[in-house]
Amino acid sequence: MLTVNAYAAPSATGAPIPTTIERRDVGPHDVLIDIKFAGICHSDIHTVRG
């Protein structure tokens with residue numbers, strides 16, 4: 001399993017918080033991408049807040 005950094009929204013009113021999640025191992029037909037930077041878009045915030 002791969003452990004990766006992520007953000008989680010524990011509630012609809014709170015700010016996203018840093019966390020880690022486990023991803024399944026890369027299989028023979030998968031591609032592992034090393035993401036250097038990512039962001040949270042406005043649509044993500046609307047989805048979390050319902």
# chains A, B, ... in the order shown; residues from 1 in each chain; ligands from 1
$ residues_around --residues "A:Ala6" --least-positions-apart "6" --cutoff "12 Å" --atoms "only C-alpha atoms" --output "PyMOL selection string"
chain A and resi 16-23+35+37-40
$ select_by_dssp --residues "chain A" --states "alpha helix (DSSP H)" --output "PyMOL selection string"
chain A and resi 42-48
$ atom_distance --atom1 "atom CA of A:Ala9" --atom2 "atom CA of A:Val48"
6.9 Å
$ atom_distance --atom1 "atom CA of A:His42" --atom2 "atom CA of A:Asp30"
29.1 Å
$ closest_residue --among "A:Arg24, A:His29, A:Ala12, A:Asp34" --to "A:Thr47" --atoms "only C-alpha atoms"
A:Ala12
$ closest_residue --among "A:Gly27, A:Thr3, A:Arg49, A:Lys36" --to "A:Ala15" --atoms "only C-alpha atoms"
A:Arg49
$ atom_distance --atom1 "atom CA of A:Leu2" --atom2 "atom CA of A:Gly14"
27.2 Å
$ decode --residues "stretch 10-42 of chain A" --atoms "C-alpha atoms" --output "PDB file, in the first residue's frame"
ATOM      1  CA  PRO A  10     -14.448  16.464   8.475  1.00  0.00           C
ATOM      2  CA  SER A  11     -17.600  18.619   8.340  1.00  0.00           C
ATOM      3  CA  ALA A  12     -19.555  20.786   5.915  1.00  0.00           C
ATOM      4  CA  THR A  13     -18.645  23.938   7.825  1.00  0.00           C
ATOM      5  CA  GLY A  14     -15.001  23.410   8.753  1.00  0.00           C
ATOM      6  CA  ALA A  15     -11.897  23.978   6.701  1.00  0.00           C
ATOM      7  CA  PRO A  16     -10.204  21.007   4.992  1.00  0.00           C
ATOM      8  CA  ILE A  17      -7.434  19.524   7.122  1.00  0.00           C
ATOM      9  CA  PRO A  18      -4.227  17.751   6.074  1.00  0.00           C
ATOM     10  CA  THR A  19      -4.341  13.966   6.451  1.00  0.00           C
ATOM     11  CA  THR A  20      -2.812  10.845   4.934  1.00  0.00           C
ATOM     12  CA  ILE A  21      -4.613   8.072   3.066  1.00  0.00           C
ATOM     13  CA  GLU A  22      -3.600   4.620   1.889  1.00  0.00           C
ATOM     14  CA  ARG A  23      -3.801   3.817  -1.816  1.00  0.00           C
ATOM     15  CA  ARG A  24      -3.703   0.343  -3.285  1.00  0.00           C
ATOM     16  CA  ASP A  25      -0.479  -0.855  -4.824  1.00  0.00           C
ATOM     17  CA  VAL A  26       0.199   0.021  -8.454  1.00  0.00           C
ATOM     18  CA  GLY A  27      -0.818  -2.864 -10.697  1.00  0.00           C
ATOM     19  CA  PRO A  28       0.640  -4.042 -14.007  1.00  0.00           C
ATOM     20  CA  HIS A  29      -1.803  -1.873 -16.016  1.00  0.00           C
ATOM     21  CA  ASP A  30      -1.521   1.259 -13.815  1.00  0.00           C
ATOM     22  CA  VAL A  31       0.642   4.366 -14.079  1.00  0.00           C
ATOM     23  CA  LEU A  32       2.149   5.959 -10.972  1.00  0.00           C
ATOM     24  CA  ILE A  33       2.265   9.760 -11.278  1.00  0.00           C
ATOM     25  CA  ASP A  34       4.382  11.855  -8.920  1.00  0.00           C
ATOM     26  CA  ILE A  35       2.214  14.946  -8.304  1.00  0.00           C
ATOM     27  CA  LYS A  36       4.245  17.919  -7.077  1.00  0.00           C
ATOM     28  CA  PHE A  37       1.469  20.504  -6.607  1.00  0.00           C
ATOM     29  CA  ALA A  38      -2.326  20.410  -6.423  1.00  0.00           C
ATOM     30  CA  GLY A  39      -5.106  22.710  -5.338  1.00  0.00           C
ATOM     31  CA  ILE A  40      -8.686  22.753  -4.176  1.00  0.00           C
ATOM     32  CA  CYS A  41     -11.101  24.261  -6.677  1.00  0.00           C
ATOM     33  CA  HIS A  42     -14.257  26.214  -5.908  1.00  0.00           C
TER      34      HIS A  42
END
